[in-house]
Amino acid sequence: MNKIWKLKENKKPSQEIINTAGNELLAELLLQRGLDTVQKITNFLNPSKMKITSPFVFTDMKKAVSRIFDAIEKQEKIIVYGDFDADGVTSTALLFKTLSHLGANVEYYIPNREKENHGLNTKALVKLISKHKAKLIITVDCGVSDVEQVSFSKQFKTDVIITDHHEAPENLPNAFAIINPKAINALEKDLSIEEIESLNELAGVGVAFKLACALLEEKKDYDFAQDLLPFVALGTIADVVPVLYENRAFVYSGLKLIENGKHYGITKLLESCGYEIKNGISSENIAFGVAPRINAAGRLDTVDCAIKLLISDNKSEIDFCVQELNNLNRIRQDLCDNIFSEAVTMVQNETPHNSIILYNPQWHIGIIGIVASKLVEKFYKPVFLMTKDPNTNLIRCSSRSIPEIHLRNVIAENEELFEYFGGHSQAAGLVFDPTKTKFETVKEKLNNTISNYLDGKKLNPSILVDLELKPQDINLELIENINKLEPFAEGNKAPVFMTKNLILKSYKTMGANKNHLKIFCESDKTNNSKPFECVFWNHDSLNIPEGKEFDIVFSPKLNVFNEISTIQLDLQDIKSEYTNNNKKEEISSPKLYDHRKKTDILNQINDYLMNTKVSTSVFAQDKKICSSLSTYPEIQTKIKNRKNISKCSQIMFFDYPACENQMKEIIQKTGANIFHFMNYNNKKIDAQELIKNVSGMLKYVDSNKNGETNIFDISNFLSISDDVTELCLDILESLGMINILEKNNQNIKIKFNHALEFSKIKENEIFDELLNELENIYNYRQKLCTLPVEEICL
């Protein structure tokens, strides 16, 4: 999709602003971020020295603190009630750690995404109040809209303190205290506009941190607040709130503490993602490394391992949690890829509209929001993905949007169709009862509302470009200036630049699935040309001839490898006179997924196969492997071997073919383009056992099938190559154990004579050739077991 490049207005900074920033380029970037005074720039460039608003500017803070300390003194049971996304998990961990530190009798509770959804629910409250004898419930990242649930708790004399950051309704719950900057009369009236804006931008974890700071301030225990900043940084980045004002100070300080090893769990999770802590930690590392893994737990399972990673002091437990989170994240990625593929196919088979509205009752409720975001990126339209909740039989929807369409307003205009809904301008959710309202009706109404909003306007994605640079401007000094704007996140995105007329030298695909481009180019065709290396993520082809000019929009990064620093240009878009011409039909590269080091995931694979619509074959020939898979019904029904495998979209290799020819045969028969390599215990085939097995099979064939068999059937049954089967037959015939009466291609007819001692077989001149072929099978399978997945040739 062609993107419009919009160059921001280039405001010329005053000398005073330049002096404060340090140089003209940085001053221009700061002005474009609305930092137009010396004080604003000074605060922005020195986040560790920023003045932080007192937690007691919340009007209910004093009574909340008093109630909590009363509960601690009486050892009343306190429950921290959170949410299952990264903001809710970090909020829960932060307040649980704080209350434990203060000596509270505290536990936490986070609802299950599939069974309970967001916020307080009555069933959970019954359990917490009756079983756990909860006398005080403190919500984090939720609760401000739960009027009925709070009233229910009060009936049992259980107080509720709400900490939240979501939009507050006019009719607030009758809670003991509400600490939410967006609630009516929640803040002192004499705050400045900047202070109010700062507090309104807090994530759920930021609001929970304010409560924690108030508690610690009462105890004059200021140092412990520092230990909580890694939680605040993680949750704030993950929740995609603007990292400005106090959020910037919290994230900056939290990342520094993580860099310095102040949180073992987050550090270990970052290291497991491949990040080197010694090179520093960026908000991007958190957003693309840690946050998805925390969220994967809440999307696919319970969040227990995520919480334990954050609150535990036991390194062995934390290491286990890191492994579990990584396993869940891999499954989440596979589910995303499959649902995305299914959704794209559905879109292509539908009449185009101004929005994408799809329903599949088998889609995973925890994944459809991520896929909706990917579809928005691909098609630049509002996306509504819906699935059936098996617990309620209601249809649940996750939606994502583009800047031109305010999702919550679109949904609110059709609120009579829904049981409930909520969200923001760019992300929202809704639930409806299909027995009352058909999916087609919901789809039609939403489409019509969006069309009315657009009123004929065409949707075109655009990229905002901060500055146009000449090639000589792209240097280490530029990187140093950009680093002063860190941490980057919502509200303070990494600057984007444009450079024109670069010359293409060459390019290649990279990555496990060969779906990214590494592009080598230079500034001009002279001998003094400046070389550049670019990475174009999620692109696998480039329709520009070598030696031709092209323009780029990019963000520069410092790439450190083997202690050598180079500048890498991360491309957002490319334009050339060739990009829209001379397009060749592209054949999509096969997608290879590496599960070879994963164990104990058969339950998860079985659940995945139960829900996916992608046609799948499970390749397994070895009888022991087939037996181990037989207790998993969804896996068992999809087991195929060389003989019965047929057309499908993806193959899971639990067993590995014996040779390259078998692999090609399997791929040709299936037409598959997605391949999963599972954990496989490669063992050398024992020649003696093999000869015995072949001999036994031939004896059975002679007695029961008139001596008629097939080389393919023997190879398939014993998981060997056809060459090995033929060698076994040749050995047995040369020793007089069998007579081959007829041979027509792979069909043979034999007569079994008698068995021989293995010592006689070993003396046969063909036996060494058999050993070589068995070694070839072992070596081929070993390649499939050990080669980096991107190097496996299919």
# chains A, B, ... in the order shown; residues from 1 in each chain; ligands from 1
>>> residues_around(residues="Leu325 (chain A)", least_positions_apart="6", cutoff="12 Å", atoms="only C-alpha atoms", output="PyMOL selection string")
chain A and resi 265-266+268-270+272-273+289-309+318-319+331-332
>>> closest_atom_pairs(of="region 107-149 of chain A", to="region 77-95 of chain A", cutoff="8 Å", atoms="only C-alpha atoms", output="JSON lines")
{"residue": "A:Glu107", "atom": "CA", "partner": "A:Ile79", "partner_atom": "CA", "distance": 5.0}
{"residue": "A:Tyr108", "atom": "CA", "partner": "A:Val80", "partner_atom": "CA", "distance": 4.5}
{"residue": "A:Tyr109", "atom": "CA", "partner": "A:Tyr81", "partner_atom": "CA", "distance": 4.9}
{"residue": "A:Ile110", "atom": "CA", "partner": "A:Gly82", "partner_atom": "CA", "distance": 5.0}
{"residue": "A:Pro111", "atom": "CA", "partner": "A:Asp83", "partner_atom": "CA", "distance": 6.6}
{"residue": "A:Asn112", "atom": "CA", "partner": "A:Phe84", "partner_atom": "CA", "distance": 7.2}
{"residue": "A:Arg113", "atom": "CA", "partner": "A:Phe84", "partner_atom": "CA", "distance": 6.7}
{"residue": "A:His118", "atom": "CA", "partner": "A:Asp83", "partner_atom": "CA", "distance": 6.4}
{"residue": "A:Gly119", "atom": "CA", "partner": "A:Asp83", "partner_atom": "CA", "distance": 6.9}
{"residue": "A:Leu120", "atom": "CA", "partner": "A:Tyr81", "partner_atom": "CA", "distance": 7.8}
{"residue": "A:Leu128", "atom": "CA", "partner": "A:Ile79", "partner_atom": "CA", "distance": 7.8}
{"residue": "A:His132", "atom": "CA", "partner": "A:Lys77", "partner_atom": "CA", "distance": 7.3}
{"residue": "A:Lys133", "atom": "CA", "partner": "A:Lys77", "partner_atom": "CA", "distance": 6.5}
{"residue": "A:Ala134", "atom": "CA", "partner": "A:Lys77", "partner_atom": "CA", "distance": 4.8}
{"residue": "A:Lys135", "atom": "CA", "partner": "A:Lys77", "partner_atom": "CA", "distance": 5.7}
{"residue": "A:Leu136", "atom": "CA", "partner": "A:Ile78", "partner_atom": "CA", "distance": 4.9}
{"residue": "A:Ile137", "atom": "CA", "partner": "A:Ile79", "partner_atom": "CA", "distance": 4.8}
{"residue": "A:Ile138", "atom": "CA", "partner": "A:Val80", "partner_atom": "CA", "distance": 4.9}
{"residue": "A:Thr139", "atom": "CA", "partner": "A:Tyr81", "partner_atom": "CA", "distance": 4.6}
{"residue": "A:Val140", "atom": "CA", "partner": "A:Gly82", "partner_atom": "CA", "distance": 5.0}
{"residue": "A:Asp141", "atom": "CA", "partner": "A:Gly88", "partner_atom": "CA", "distance": 5.4}
{"residue": "A:Cys142", "atom": "CA", "partner": "A:Gly82", "partner_atom": "CA", "distance": 6.8}
>>> residues_around(residues="Asn641 (chain A)", least_positions_apart="2", cutoff="9 Å", atoms="only C-alpha atoms", output="list of chain:residue names")
A:Val618, A:Phe619, A:Ala620, A:Gln621, A:Ile639, A:Lys643, A:Asn644, A:Ile645, A:Ile666, A:Asn716, A:Phe717
>>> closest_residue(among="A:Val535, A:Ile738, A:Leu394, A:Leu187", to="Leu569 (chain A)", atoms="only C-alpha atoms")
A:Val535
>>> residues_around(residues="region 506-514 of chain A", least_positions_apart="2", cutoff="9 Å", atoms="only C-alpha atoms", output="PyMOL selection string")
chain A and resi 504+516-521+539-542+545-547+589-594+788-791
>>> atom_distance(atom1="CA of Phe532 (chain A)", atom2="CA of Phe288 (chain A)")
25.2 Å
>>> closest_residue(among="A:Ile395, A:Thr526, A:Ser615, A:His166", to="Gly422 (chain A)", atoms="only C-alpha atoms")
A:His166
>>> atom_distance(atom1="CA of Ala168 (chain A)", atom2="CA of Thr59 (chain A)")
15.5 Å
>>> residues_around(residues="Gly423 (chain A)", least_positions_apart="2", cutoff="12 Å", atoms="only C-alpha atoms", output="MDAnalysis selection string")
chainID A and resid 118 166:168 397:401 406:412 420:421 425:430
>>> closest_residue(among="A:Met678, A:Leu602, A:Ile193, A:Leu454", to="Thr786 (chain A)", atoms="only C-alpha atoms")
A:Met678
>>> closest_residue(among="A:Lys500, A:Lys157, A:Lys12, A:Lys705", to="Lys749 (chain A)", atoms="only C-alpha atoms")
A:Lys705
>>> select_by_dssp(residues="region 44-224 of chain A", states="alpha helix (DSSP H)", output="JSON, numbers by chain")
{"A": [44, 45, 61, 62, 63, 64, 65, 66, 67, 68, 69, 70, 71, 72, 73, 74, 86, 87, 88, 89, 90, 91, 92, 93, 94, 95, 96, 97, 98, 99, 100, 101, 113, 114, 115, 116, 122, 123, 124, 125, 126, 127, 128, 129, 130, 147, 148, 149, 150, 151, 152, 153, 154, 155, 193, 194, 195, 196, 197, 198, 199, 200, 204, 205, 206, 207, 208, 209, 210, 211, 212, 213, 214, 215, 216, 217, 218, 223, 224]}
>>> residues_around(residues="Asn483 (chain A)", least_positions_apart="4", cutoff="12 Å", atoms="only C-alpha atoms", output="MDAnalysis selection string")
chainID A and resid 26 29 45 280:283 476:479 487:488 493:495 555:558
>>> write_last_selection(atoms="N, CA, C and O atoms", output="PDB file, in the first residue's frame")
ATOM      1  N   LEU A  26      19.018  19.051  17.332  1.00  0.00           N
ATOM      2  CA  LEU A  26      18.257  18.584  18.498  1.00  0.00           C
ATOM      3  C   LEU A  26      17.186  19.606  18.870  1.00  0.00           C
ATOM      4  O   LEU A  26      16.068  19.226  19.240  1.00  0.00           O
ATOM      5  N   LEU A  29      14.187  19.073  16.630  1.00  0.00           N
ATOM      6  CA  LEU A  29      13.426  17.886  17.020  1.00  0.00           C
ATOM      7  C   LEU A  29      12.601  18.139  18.275  1.00  0.00           C
ATOM      8  O   LEU A  29      11.471  17.656  18.406  1.00  0.00           O
ATOM      9  N   LEU A  45      14.982  16.973  28.894  1.00  0.00           N
ATOM     10  CA  LEU A  45      16.331  16.421  28.724  1.00  0.00           C
ATOM     11  C   LEU A  45      16.935  15.939  30.040  1.00  0.00           C
ATOM     12  O   LEU A  45      17.979  15.288  30.033  1.00  0.00           O
ATOM     13  N   GLY A 280      22.826  -1.503  27.203  1.00  0.00           N
ATOM     14  CA  GLY A 280      21.748  -0.606  27.606  1.00  0.00           C
ATOM     15  C   GLY A 280      20.385  -1.174  27.255  1.00  0.00           C
ATOM     16  O   GLY A 280      20.258  -2.018  26.372  1.00  0.00           O
ATOM     17  N   ILE A 281      19.366  -0.711  27.964  1.00  0.00           N
ATOM     18  CA  ILE A 281      17.992  -1.179  27.742  1.00  0.00           C
ATOM     19  C   ILE A 281      17.149  -0.020  27.240  1.00  0.00           C
ATOM     20  O   ILE A 281      17.155   1.070  27.821  1.00  0.00           O
ATOM     21  N   SER A 282      16.438  -0.241  26.164  1.00  0.00           N
ATOM     22  CA  SER A 282      15.567   0.796  25.604  1.00  0.00           C
ATOM     23  C   SER A 282      14.107   0.421  25.842  1.00  0.00           C
ATOM     24  O   SER A 282      13.780  -0.726  26.151  1.00  0.00           O
ATOM     25  N   SER A 283      13.249   1.407  25.659  1.00  0.00           N
ATOM     26  CA  SER A 283      11.815   1.138  25.771  1.00  0.00           C
ATOM     27  C   SER A 283      11.376   0.154  24.698  1.00  0.00           C
ATOM     28  O   SER A 283      10.432  -0.625  24.886  1.00  0.00           O
ATOM     29  N   LEU A 476      27.469   9.445  13.658  1.00  0.00           N
ATOM     30  CA  LEU A 476      27.373   9.126  15.089  1.00  0.00           C
ATOM     31  C   LEU A 476      26.829  10.302  15.898  1.00  0.00           C
ATOM     32  O   LEU A 476      26.162  10.104  16.912  1.00  0.00           O
ATOM     33  N   GLU A 477      27.104  11.519  15.464  1.00  0.00           N
ATOM     34  CA  GLU A 477      26.580  12.692  16.179  1.00  0.00           C
ATOM     35  C   GLU A 477      25.052  12.716  16.114  1.00  0.00           C
ATOM     36  O   GLU A 477      24.385  13.072  17.096  1.00  0.00           O
ATOM     37  N   LEU A 478      24.502  12.307  14.973  1.00  0.00           N
ATOM     38  CA  LEU A 478      23.041  12.221  14.842  1.00  0.00           C
ATOM     39  C   LEU A 478      22.488  11.213  15.851  1.00  0.00           C
ATOM     40  O   LEU A 478      21.487  11.481  16.525  1.00  0.00           O
ATOM     41  N   ILE A 479      23.132  10.049  15.972  1.00  0.00           N
ATOM     42  CA  ILE A 479      22.705   9.028  16.927  1.00  0.00           C
ATOM     43  C   ILE A 479      22.763   9.566  18.351  1.00  0.00           C
ATOM     44  O   ILE A 479      21.852   9.335  19.168  1.00  0.00           O
ATOM     45  N   PRO A 487      13.677   7.977  26.815  1.00  0.00           N
ATOM     46  CA  PRO A 487      13.109   6.778  26.194  1.00  0.00           C
ATOM     47  C   PRO A 487      11.977   7.101  25.230  1.00  0.00           C
ATOM     48  O   PRO A 487      11.163   7.984  25.483  1.00  0.00           O
ATOM     49  N   PHE A 488      11.935   6.360  24.122  1.00  0.00           N
ATOM     50  CA  PHE A 488      10.889   6.534  23.121  1.00  0.00           C
ATOM     51  C   PHE A 488       9.698   5.640  23.434  1.00  0.00           C
ATOM     52  O   PHE A 488       9.861   4.499  23.858  1.00  0.00           O
ATOM     53  N   LYS A 493       7.693   9.424  20.039  1.00  0.00           N
ATOM     54  CA  LYS A 493       8.182   8.398  19.133  1.00  0.00           C
ATOM     55  C   LYS A 493       9.593   8.728  18.657  1.00  0.00           C
ATOM     56  O   LYS A 493       9.985   9.907  18.616  1.00  0.00           O
ATOM     57  N   ALA A 494      10.325   7.700  18.299  1.00  0.00           N
ATOM     58  CA  ALA A 494      11.664   7.914  17.735  1.00  0.00           C
ATOM     59  C   ALA A 494      11.539   8.767  16.478  1.00  0.00           C
ATOM     60  O   ALA A 494      10.628   8.570  15.674  1.00  0.00           O
ATOM     61  N   PRO A 495      12.441   9.743  16.300  1.00  0.00           N
ATOM     62  CA  PRO A 495      12.342  10.605  15.119  1.00  0.00           C
ATOM     63  C   PRO A 495      12.502   9.818  13.830  1.00  0.00           C
ATOM     64  O   PRO A 495      13.217   8.825  13.769  1.00  0.00           O
ATOM     65  N   SER A 555      14.594   5.348  10.511  1.00  0.00           N
ATOM     66  CA  SER A 555      15.100   5.725  11.835  1.00  0.00           C
ATOM     67  C   SER A 555      16.498   5.119  11.962  1.00  0.00           C
ATOM     68  O   SER A 555      16.657   3.918  11.734  1.00  0.00           O
ATOM     69  N   PRO A 556      17.500   5.920  12.288  1.00  0.00           N
ATOM     70  CA  PRO A 556      18.855   5.364  12.413  1.00  0.00           C
ATOM     71  C   PRO A 556      19.059   4.699  13.769  1.00  0.00           C
ATOM     72  O   PRO A 556      18.553   5.157  14.788  1.00  0.00           O
ATOM     73  N   LYS A 557      19.789   3.573  13.768  1.00  0.00           N
ATOM     74  CA  LYS A 557      20.082   2.855  14.999  1.00  0.00           C
ATOM     75  C   LYS A 557      21.582   2.550  15.044  1.00  0.00           C
ATOM     76  O   LYS A 557      22.224   2.394  14.009  1.00  0.00           O
ATOM     77  N   LEU A 558      22.103   2.467  16.254  1.00  0.00           N
ATOM     78  CA  LEU A 558      23.485   2.049  16.437  1.00  0.00           C
ATOM     79  C   LEU A 558      23.494   0.549  16.649  1.00  0.00           C
ATOM     80  O   LEU A 558      22.907   0.048  17.607  1.00  0.00           O
TER      81      LEU A 558
END
>>> closest_residue(among="A:Lys381, A:Lys131, A:His364, A:Lys445", to="Pro352 (chain A)", atoms="only C-alpha atoms")
A:Lys381
